[in-house]
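One file, start-v9.cif, is given below (mmCIF, C-alpha atoms).
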data_input
loop_
_atom_site.label_atom_id
_atom_site.label_comp_id
_atom_site.auth_asym_id
_atom_site.auth_seq_id
_atom_site.Cartn_x
_atom_site.Cartn_y
_atom_site.Cartn_z
CA MET C 1039 15.10 -0.44 73.61
CA HIS C 1040 15.94 -4.11 73.64
CA GLY C 1041 18.66 -6.64 74.24
CA PRO C 1042 19.99 -9.56 72.23
CA THR C 1043 16.64 -10.82 70.94
CA GLU C 1044 16.66 -8.90 67.65
CA PRO C 1045 13.61 -9.69 65.50
CA GLU C 1046 14.29 -6.76 63.17
CA GLU C 1047 17.40 -8.53 61.82
CA ARG C 1048 15.19 -11.17 60.15
CA VAL C 1049 13.34 -10.41 56.92
CA ALA C 1050 10.31 -8.37 57.92
CA ARG C 1051 6.82 -9.49 56.86
CA ALA C 1052 5.85 -5.88 56.12
CA VAL C 1053 7.18 -2.40 56.79
CA VAL C 1054 5.23 0.72 57.73
CA HIS C 1055 7.02 4.09 57.66
CA ALA C 1056 5.78 7.23 59.42
CA GLU C 1057 7.15 10.60 60.46
CA VAL C 1058 6.45 11.29 64.14
CA ASP C 1059 7.17 14.30 66.31
CA HIS C 1060 10.67 13.19 67.28
CA GLY C 1061 11.93 11.43 64.18
CA HIS C 1062 11.15 8.60 61.80
CA ALA C 1063 9.17 5.56 62.94
CA GLU C 1064 9.01 2.13 61.37
CA LEU C 1065 6.80 -0.84 62.10
CA LEU C 1066 8.37 -4.11 60.98
CA GLY C 1067 6.16 -7.15 60.66
CA ASP C 1068 7.55 -10.14 62.54
CA PRO C 1069 7.99 -12.99 60.02
CA ASP C 1070 7.39 -15.58 62.74
CA ARG C 1071 4.19 -14.05 64.16
CA PRO C 1072 1.30 -13.06 61.88
CA GLN C 1073 0.30 -10.15 64.14
CA GLY C 1074 3.73 -9.42 65.60
CA TRP C 1075 5.30 -5.99 65.05
CA THR C 1076 8.55 -4.30 66.06
CA LEU C 1077 8.52 -0.53 66.49
CA LEU C 1078 11.71 1.35 65.60
CA LEU C 1079 12.34 5.05 66.16
CA GLY C 1080 15.26 6.59 64.33
CA GLY C 1081 16.50 3.09 63.57
CA THR C 1082 16.43 2.04 67.22
CA ALA C 1083 14.15 -0.87 68.17
CA GLN C 1084 11.81 0.34 70.90
CA SER C 1085 9.04 -2.24 71.28
CA HIS C 1086 7.69 -5.55 70.05
CA VAL C 1087 4.01 -6.46 70.31
CA ASP C 1088 1.92 -9.40 69.19
CA LEU C 1089 -1.67 -8.30 68.70
CA ASP C 1090 -2.82 -11.93 68.79
CA ASP C 1091 -0.98 -12.66 72.04
CA PRO C 1092 -0.27 -9.63 74.26
CA THR C 1093 1.32 -11.96 76.82
CA HIS C 1094 4.23 -12.65 74.44
CA LEU C 1095 7.23 -10.56 75.55
CA GLU C 1096 9.92 -10.73 72.90
CA PHE C 1097 12.62 -8.48 74.34
CA GLU C 1098 14.59 -9.86 77.25
CA TYR C 1099 14.36 -6.78 79.48
CA VAL C 1100 10.58 -6.61 78.97
CA ARG C 1101 10.32 -10.25 80.06
CA ARG C 1102 12.11 -9.22 83.25
CA PHE C 1103 9.56 -6.46 83.76
CA GLY C 1104 6.95 -9.17 83.25
CA HIS C 1105 8.54 -11.23 86.02
CA VAL C 1106 8.14 -8.26 88.37
CA VAL C 1107 4.46 -7.95 87.43
CA ASP C 1108 3.90 -11.65 88.05
CA LEU C 1109 5.57 -11.50 91.45
CA LEU C 1110 3.71 -8.38 92.57
CA ALA C 1111 0.25 -9.86 92.17
CA PRO C 1112 -1.31 -13.19 91.12
CA ARG C 1113 -2.86 -13.41 87.68
CA GLY C 1114 -6.29 -11.85 87.75
CA SER C 1115 -5.43 -9.43 90.56
CA PRO C 1116 -5.51 -5.82 89.32
CA LEU C 1117 -2.48 -3.56 89.68
CA ARG C 1118 -2.02 0.19 89.55
CA VAL C 1119 0.77 0.82 87.05
CA LEU C 1120 2.35 4.03 85.78
CA HIS C 1121 4.43 3.55 82.62
CA LEU C 1122 6.83 6.39 81.90
CA GLY C 1123 7.63 5.90 78.25
CA GLY C 1124 5.11 4.50 75.81
CA GLY C 1125 6.67 2.83 72.81
CA ALA C 1126 4.02 0.41 71.60
CA TRP C 1127 2.60 -0.16 75.14
CA THR C 1128 3.95 -3.71 75.32
CA LEU C 1129 4.04 -4.13 79.09
CA ALA C 1130 0.74 -2.29 79.55
CA ARG C 1131 -0.90 -4.78 77.17
CA TYR C 1132 0.60 -7.65 79.17
CA VAL C 1133 -0.72 -6.26 82.46
CA ALA C 1134 -4.17 -5.58 81.00
CA THR C 1135 -4.43 -9.11 79.60
CA THR C 1136 -3.13 -10.99 82.65
CA ARG C 1137 -4.69 -8.69 85.25
CA PRO C 1138 -7.96 -7.26 83.94
CA ARG C 1139 -9.31 -4.13 85.65
CA SER C 1140 -5.80 -2.89 86.34
CA VAL C 1141 -5.55 0.89 86.45
CA GLN C 1142 -2.81 1.87 84.02
CA GLN C 1143 -1.48 5.10 82.64
CA VAL C 1144 1.11 5.34 79.88
CA VAL C 1145 2.95 8.64 79.48
CA GLU C 1146 4.46 9.33 76.05
CA LEU C 1147 5.94 12.63 74.87
CA ASP C 1148 5.45 12.04 71.14
CA ALA C 1149 1.82 12.70 70.17
CA ALA C 1150 2.28 11.50 66.59
CA LEU C 1151 3.75 8.24 67.85
CA VAL C 1152 0.71 7.74 70.09
CA ASP C 1153 -1.53 8.27 67.05
CA LEU C 1154 0.53 5.77 65.03
CA VAL C 1155 0.31 3.09 67.71
CA ARG C 1156 -3.40 3.66 68.25
CA SER C 1157 -4.13 3.31 64.54
CA ARG C 1158 -1.75 0.51 63.58
CA LEU C 1159 -1.43 -1.43 66.85
CA PRO C 1160 -4.78 -0.82 68.57
CA ALA C 1161 -5.30 -1.74 72.20
CA ASP C 1162 -9.05 -1.19 72.27
CA GLY C 1163 -10.89 -2.50 75.29
CA LEU C 1164 -7.77 -3.02 77.42
CA GLY C 1165 -8.39 -0.01 79.63
CA ILE C 1166 -4.98 1.58 78.98
CA ASP C 1167 -5.01 5.34 79.54
CA VAL C 1168 -2.41 7.01 77.31
CA ILE C 1169 -1.52 10.63 77.87
CA VAL C 1170 0.84 12.84 75.92
CA GLY C 1171 3.38 14.69 78.02
CA ASP C 1172 6.76 14.75 79.70
CA ALA C 1173 7.37 11.77 81.96
CA ARG C 1174 8.73 13.70 84.93
CA ALA C 1175 6.03 16.33 84.75
CA ALA C 1176 3.37 13.61 84.72
CA LEU C 1177 5.05 11.90 87.65
CA THR C 1178 4.85 15.02 89.80
CA ARG C 1179 1.07 15.01 89.27
CA ALA C 1180 0.65 11.42 90.46
CA THR C 1181 -1.29 11.00 93.69
CA PRO C 1182 1.15 10.12 96.50
CA GLY C 1183 1.06 6.43 97.40
CA SER C 1184 -1.12 5.52 94.42
CA VAL C 1185 1.15 3.32 92.26
CA ASP C 1186 1.95 -0.38 92.73
CA LEU C 1187 4.47 -0.51 89.87
CA LEU C 1188 6.23 2.44 88.28
CA VAL C 1189 8.10 1.58 85.08
CA LEU C 1190 10.73 3.84 83.53
CA ASP C 1191 11.39 3.00 79.88
CA VAL C 1192 11.96 6.39 78.26
CA PHE C 1193 14.33 6.94 75.37
CA ALA C 1194 14.85 10.09 73.33
CA GLY C 1195 16.28 8.37 70.28
CA ALA C 1196 18.54 5.81 71.91
CA ARG C 1197 19.22 7.58 75.23
CA THR C 1198 17.33 8.09 78.49
CA PRO C 1199 17.06 11.85 79.10
CA ALA C 1200 19.13 13.30 81.94
CA HIS C 1201 16.16 14.65 83.90
CA LEU C 1202 14.97 11.05 84.41
CA THR C 1203 18.28 9.87 85.91
CA SER C 1204 18.63 12.02 89.05
CA THR C 1205 17.97 11.57 92.75
CA GLN C 1206 15.30 14.28 92.60
CA PHE C 1207 13.49 12.24 89.97
CA LEU C 1208 13.66 9.23 92.29
CA ASP C 1209 12.23 11.33 95.12
CA SER C 1210 9.11 11.79 92.99
CA VAL C 1211 9.10 8.06 92.16
CA ALA C 1212 9.27 7.10 95.83
CA ALA C 1213 6.46 9.52 96.69
CA ALA C 1214 4.17 8.01 94.05
CA LEU C 1215 4.68 4.39 95.12
CA ALA C 1216 2.15 2.68 97.37
CA PRO C 1217 3.35 0.59 100.34
CA GLY C 1218 5.12 -2.40 98.82
CA GLY C 1219 5.26 -0.67 95.44
CA VAL C 1220 8.17 -1.28 93.09
CA TYR C 1221 10.17 0.98 90.79
CA ALA C 1222 11.47 -0.79 87.66
CA ALA C 1223 13.82 0.98 85.26
CA ASN C 1224 15.33 -0.01 81.94
CA VAL C 1225 18.99 1.11 82.10
CA ALA C 1226 21.02 0.90 78.88
CA ASP C 1227 24.80 0.80 79.19
CA GLY C 1228 27.94 -1.13 78.25
CA GLY C 1229 31.66 -1.45 78.84
CA GLU C 1230 32.53 -0.37 82.37
CA LEU C 1231 28.85 0.38 83.05
CA ARG C 1232 29.66 3.76 84.55
CA PHE C 1233 26.20 5.17 83.86
CA ALA C 1234 24.46 2.10 85.26
CA ARG C 1235 26.54 2.34 88.43
CA THR C 1236 25.37 5.94 88.97
CA GLN C 1237 21.77 4.80 88.56
CA VAL C 1238 22.24 2.01 91.10
CA ALA C 1239 23.91 4.47 93.48
CA ALA C 1240 20.91 6.78 93.10
CA ALA C 1241 18.49 3.94 93.81
CA LEU C 1242 20.48 2.87 96.88
CA SER C 1243 20.21 6.42 98.20
CA ARG C 1244 16.42 6.41 97.93
CA PHE C 1245 15.17 2.82 98.41
CA ALA C 1246 15.57 0.35 101.26
CA ASP C 1247 15.87 -2.61 98.87
CA VAL C 1248 17.51 -2.53 95.43
CA ALA C 1249 18.15 -5.27 92.86
CA VAL C 1250 19.73 -5.42 89.41
CA LEU C 1251 18.90 -8.00 86.73
CA ALA C 1252 21.31 -8.36 83.84
CA ALA C 1253 22.92 -10.93 81.56
CA PRO C 1254 26.34 -12.10 82.81
CA ASP C 1255 28.19 -10.95 79.67
CA LEU C 1256 26.72 -7.47 80.10
CA LEU C 1257 27.83 -7.34 83.74
CA HIS C 1258 31.31 -8.40 82.61
CA GLY C 1259 31.52 -5.53 80.12
CA ARG C 1260 31.46 -7.67 76.99
CA ARG C 1261 28.58 -5.92 75.27
CA PHE C 1262 26.13 -3.03 75.38
CA GLY C 1263 22.64 -3.88 76.59
CA ASN C 1264 19.83 -3.45 79.09
CA LEU C 1265 19.93 -3.83 82.85
CA VAL C 1266 16.71 -3.83 84.86
CA LEU C 1267 17.00 -1.81 88.06
CA LEU C 1268 14.46 -2.38 90.84
CA GLY C 1269 13.84 -0.39 93.99
CA SER C 1270 11.31 -0.57 96.80
CA ALA C 1271 10.77 0.64 100.34
CA GLU C 1272 10.03 -2.97 101.25
CA GLU C 1273 11.69 -6.31 100.51
CA LEU C 1274 11.78 -7.26 96.85
CA PRO C 1275 10.69 -10.79 95.78
CA VAL C 1276 14.29 -11.87 95.20
CA ASP C 1277 13.79 -15.66 95.27
CA GLY C 1278 11.13 -15.49 92.59
CA LEU C 1279 13.22 -13.12 90.49
CA VAL C 1280 16.21 -15.46 90.67
CA ARG C 1281 14.13 -18.45 89.55
CA ARG C 1282 12.51 -16.63 86.66
CA ALA C 1283 15.67 -14.88 85.48
CA ALA C 1284 17.58 -18.17 85.48
CA SER C 1285 14.95 -19.89 83.33
CA ASP C 1286 14.76 -17.19 80.64
CA PRO C 1287 15.95 -17.99 77.11
CA PHE C 1288 18.68 -15.43 77.84
CA PRO C 1289 19.38 -16.04 81.56
CA ALA C 1290 20.17 -13.15 83.86
CA ARG C 1291 21.91 -12.73 87.17
CA VAL C 1292 20.12 -11.00 90.02
CA LEU C 1293 22.33 -8.75 92.13
CA VAL C 1294 21.04 -7.97 95.64
CA GLY C 1295 22.40 -6.77 98.98
CA ALA C 1296 26.18 -6.57 99.12
CA GLU C 1297 26.44 -7.45 95.40
CA VAL C 1298 24.43 -4.36 94.50
CA ARG C 1299 26.58 -2.17 96.73
CA ARG C 1300 29.75 -3.60 95.18
CA PHE C 1301 28.32 -2.97 91.74
CA ALA C 1302 27.66 0.69 92.57
CA GLY C 1303 31.15 1.00 94.07
CA ASP C 1304 32.15 4.62 94.53
CA ALA C 1305 29.77 5.94 91.85
CA ALA C 1306 28.04 9.17 92.84
CA ALA C 1307 24.26 9.39 92.92
CA PRO C 1308 23.58 12.25 90.46
CA SER C 1309 21.54 15.28 91.40
CA ASP C 1310 19.64 17.25 88.78
CA ARG C 1311 22.66 19.48 88.25
CA ALA C 1312 25.03 16.55 87.66
CA ALA C 1313 22.68 14.14 85.85
CA THR C 1314 23.52 12.94 82.35
CA PRO C 1315 21.59 10.98 79.73
CA SER C 1316 22.37 7.31 79.23
CA PRO C 1317 25.25 6.66 76.82
CA GLU C 1318 24.81 6.40 73.08
CA PRO C 1319 24.77 2.75 72.02
CA PRO C 1320 27.40 1.66 69.50
CA PRO C 1321 26.56 1.84 65.77
CA GLY C 1322 24.72 -1.21 64.57
CA PHE C 1323 23.34 -2.07 68.02
CA PHE C 1324 19.61 -2.09 68.84
CA GLY C 1325 18.99 -2.00 65.09
CA ARG C 1326 20.77 1.38 64.78
CA PRO C 1327 22.53 1.84 61.43
CA ALA C 1328 26.24 2.51 61.41
CA ASP C 1329 27.28 6.03 60.39
CA PRO C 1330 27.97 6.28 56.66
CA ALA C 1331 31.62 6.29 55.66
#
Final structure tokens representation of the file:
Amino acid sequence: MHGPTEPEERVARAVVHAEVDHGHAELLGDPDRPQGWTLLLGGTAQSHVDLDDPTHLEFEYVRRFGHVVDLLAPRGSPLRVLHLGGGAWTLARYVATTRPRSVQQVVELDAALVDLVRSRLPADGLGIDVIVGDARAALTRATPGSVDLLVLDVFAGARTPAHLTSTQFLDSVAAALAPGGVYAANVADGGELRFARTQVAAALSRFADVAVLAAPDLLHGRRFGNLVLLGSAEELPVDGLVRRAASDPFPARVLVGAEVRRFAGDAAAPSDRAATPSPEPPPGFFGRPADPA
């Protein structure tokens, strides 16, 4: 699910329709990129890939994930990455191209979607292991201390499921991370950002260092969008994040330390019993059609 870069609003080069396990999927050809495609599920834009250039990251939050990858290891140095949420495997393609021999696993619940991506947007030879299953269940099977980067980008329709928003979920994340490993989550919210604040509170309760990357207008409650939440047992590469986020086409602020704690405020870190899914985005956002009159 993406932010203000909205390629699907332009006239698509081609459109592919398919029924998948959890709804209707569309692949829209990017008119500006001969091999660029945007994946939509239920009208919600989920991923953009360029088969000619897997290093191209169209969506702003995915570029911020890319910054984390680049700061974790130099180009050419393999990483161990667990992607919870598949979409069209955009970030996995980026890692495989910039850091060959990386060990990557993508977990996607929708088997028909995996088949669609494999057939229409192939990633042959990139060494990406895609498994079909529930993200949290797959996480509990991860070898402790085996993951350098754990990415959460799961949406059921347009919302992150509740069981992936709790402190118990983060306990499993922390257990899977290697020393120096980083947790990176796509958090969708708007307005007063109440959901995002609970997610930051949860991260603060489980990680020694936490950072939030988001566009200023999103932090000020002016629109719905994507925040990137980072957590680690060790110090995050804040200086590098600040430089890269500031130079993006859509610049972001990086909240750290006291700023992160102020952002969380008095929000409660949700347990499994209290966890809720992320909020429904407004009609017309993320490519979602407005409800018929």
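When atom CA of C:Trp1127 is paired with atom CA of C:Pro1217, their separation reads 25.2 Å.
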Q. Evaluating the PyMOL selection byres ((chain C and resi 1218) around 7) on the displayed file yields which residues, as a ChimeraX atom specification?
A. /C:1216-1217,1219-1220,1270-1272
Tell me, counting all atoms listed in the file, for each residue of stretch 1179-1291 of chain C within 12 Å of stretch 1136-1157 of chain C, which pair of atoms is nearest and how far apart they are in Å to one decimal, in rows ordered by chain and increasing number, as a tab-separated table.
residue	atom	partner	partner_atom	distance
C:Arg1179	CA	C:Val1145	CA	11.8
C:Ala1180	CA	C:Gln1143	CA	10.3
C:Ser1184	CA	C:Val1141	CA	10.2
C:Val1185	CA	C:Val1141	CA	9.2
C:Asp1186	CA	C:Val1141	CA	9.9
C:Leu1187	CA	C:Gln1142	CA	9.6
C:Leu1188	CA	C:Gln1143	CA	9.9
C:Val1189	CA	C:Val1144	CA	9.5
C:Leu1190	CA	C:Val1145	CA	10.0
C:Asp1191	CA	C:Glu1146	CA	10.1
C:Val1192	CA	C:Glu1146	CA	8.4
C:Phe1193	CA	C:Leu1147	CA	10.1
C:Ala1194	CA	C:Leu1147	CA	9.4
C:Gly1195	CA	C:Asp1148	CA	11.5
C:Pro1199	CA	C:Leu1147	CA	11.9
For the residues in the current selection, export C-alpha atoms as an mmCIF file, in the frame of the given file.
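Saved as again.cif:
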data_model
loop_
_atom_site.group_PDB
_atom_site.id
_atom_site.type_symbol
_atom_site.label_atom_id
_atom_site.label_comp_id
_atom_site.auth_asym_id
_atom_site.auth_seq_id
_atom_site.Cartn_x
_atom_site.Cartn_y
_atom_site.Cartn_z
ATOM 1 C CA ARG C 1179 1.070 15.010 89.270
ATOM 2 C CA ALA C 1180 0.650 11.420 90.460
ATOM 3 C CA SER C 1184 -1.120 5.520 94.420
ATOM 4 C CA VAL C 1185 1.150 3.320 92.260
ATOM 5 C CA ASP C 1186 1.950 -0.380 92.730
ATOM 6 C CA LEU C 1187 4.470 -0.510 89.870
ATOM 7 C CA LEU C 1188 6.230 2.440 88.280
ATOM 8 C CA VAL C 1189 8.100 1.580 85.080
ATOM 9 C CA LEU C 1190 10.730 3.840 83.530
ATOM 10 C CA ASP C 1191 11.390 3.000 79.880
ATOM 11 C CA VAL C 1192 11.960 6.390 78.260
ATOM 12 C CA PHE C 1193 14.330 6.940 75.370
ATOM 13 C CA ALA C 1194 14.850 10.090 73.330
ATOM 14 C CA GLY C 1195 16.280 8.370 70.280
ATOM 15 C CA PRO C 1199 17.060 11.850 79.100
#
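Between atom CA of C:Phe1103 and atom CA of C:Gln1206 lies a distance of 23.3 Å.
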The PyMOL selection byres ((chain C and resi 1301) around 10) resolved against shown file, as an mmCIF file with C-alpha atoms, keeping the file's coordinate frame:
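To be explicit, this is the file written out as result16.cif:
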data_model
loop_
_atom_site.group_PDB
_atom_site.id
_atom_site.type_symbol
_atom_site.label_atom_id
_atom_site.label_comp_id
_atom_site.auth_asym_id
_atom_site.auth_seq_id
_atom_site.Cartn_x
_atom_site.Cartn_y
_atom_site.Cartn_z
ATOM 1 C CA LEU C 1231 28.850 0.380 83.050
ATOM 2 C CA ARG C 1232 29.660 3.760 84.550
ATOM 3 C CA ALA C 1234 24.460 2.100 85.260
ATOM 4 C CA ARG C 1235 26.540 2.340 88.430
ATOM 5 C CA THR C 1236 25.370 5.940 88.970
ATOM 6 C CA VAL C 1238 22.240 2.010 91.100
ATOM 7 C CA ALA C 1239 23.910 4.470 93.480
ATOM 8 C CA VAL C 1250 19.730 -5.420 89.410
ATOM 9 C CA LEU C 1257 27.830 -7.340 83.740
ATOM 10 C CA LEU C 1293 22.330 -8.750 92.130
ATOM 11 C CA VAL C 1294 21.040 -7.970 95.640
ATOM 12 C CA ALA C 1296 26.180 -6.570 99.120
ATOM 13 C CA GLU C 1297 26.440 -7.450 95.400
ATOM 14 C CA VAL C 1298 24.430 -4.360 94.500
ATOM 15 C CA ARG C 1299 26.580 -2.170 96.730
ATOM 16 C CA ARG C 1300 29.750 -3.600 95.180
ATOM 17 C CA ALA C 1302 27.660 0.690 92.570
ATOM 18 C CA GLY C 1303 31.150 1.000 94.070
ATOM 19 C CA ASP C 1304 32.150 4.620 94.530
ATOM 20 C CA ALA C 1305 29.770 5.940 91.850
#
Q | Selection near C:Ala1253, 7 Å with all atoms listed in the file, sequence-local residues under 5 positions removed, as a list of chain:residue names | A | C:Pro1289, C:Ala1290, C:Arg1291
Q. Got a sec to resolve the PyMOL selection byres ((chain C and resi 1094-1097) around 12) on this structure and send the residues as number ranges by chain?
A. C: 1039-1046, 1068, 1070-1071, 1073-1077, 1083-1093, 1098-1105, 1127-1133, 1135-1136, 1224, 1263-1264, 1286-1288, 1324
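Take atom CA of C:Thr1314 and atom CA of C:Ala1222: the distance between them is 19.0 Å.
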Once 6 Å is added on each side, what centre and edge lengths in Å to one decimal does the axis-aligned box around all listed atoms of stretch 1219-1228 of chain C have, as JSON?
{"center_x": 16.6, "center_y": -0.1, "center_z": 86.8, "size_x": 34.7, "size_y": 14.4, "size_z": 29.2}
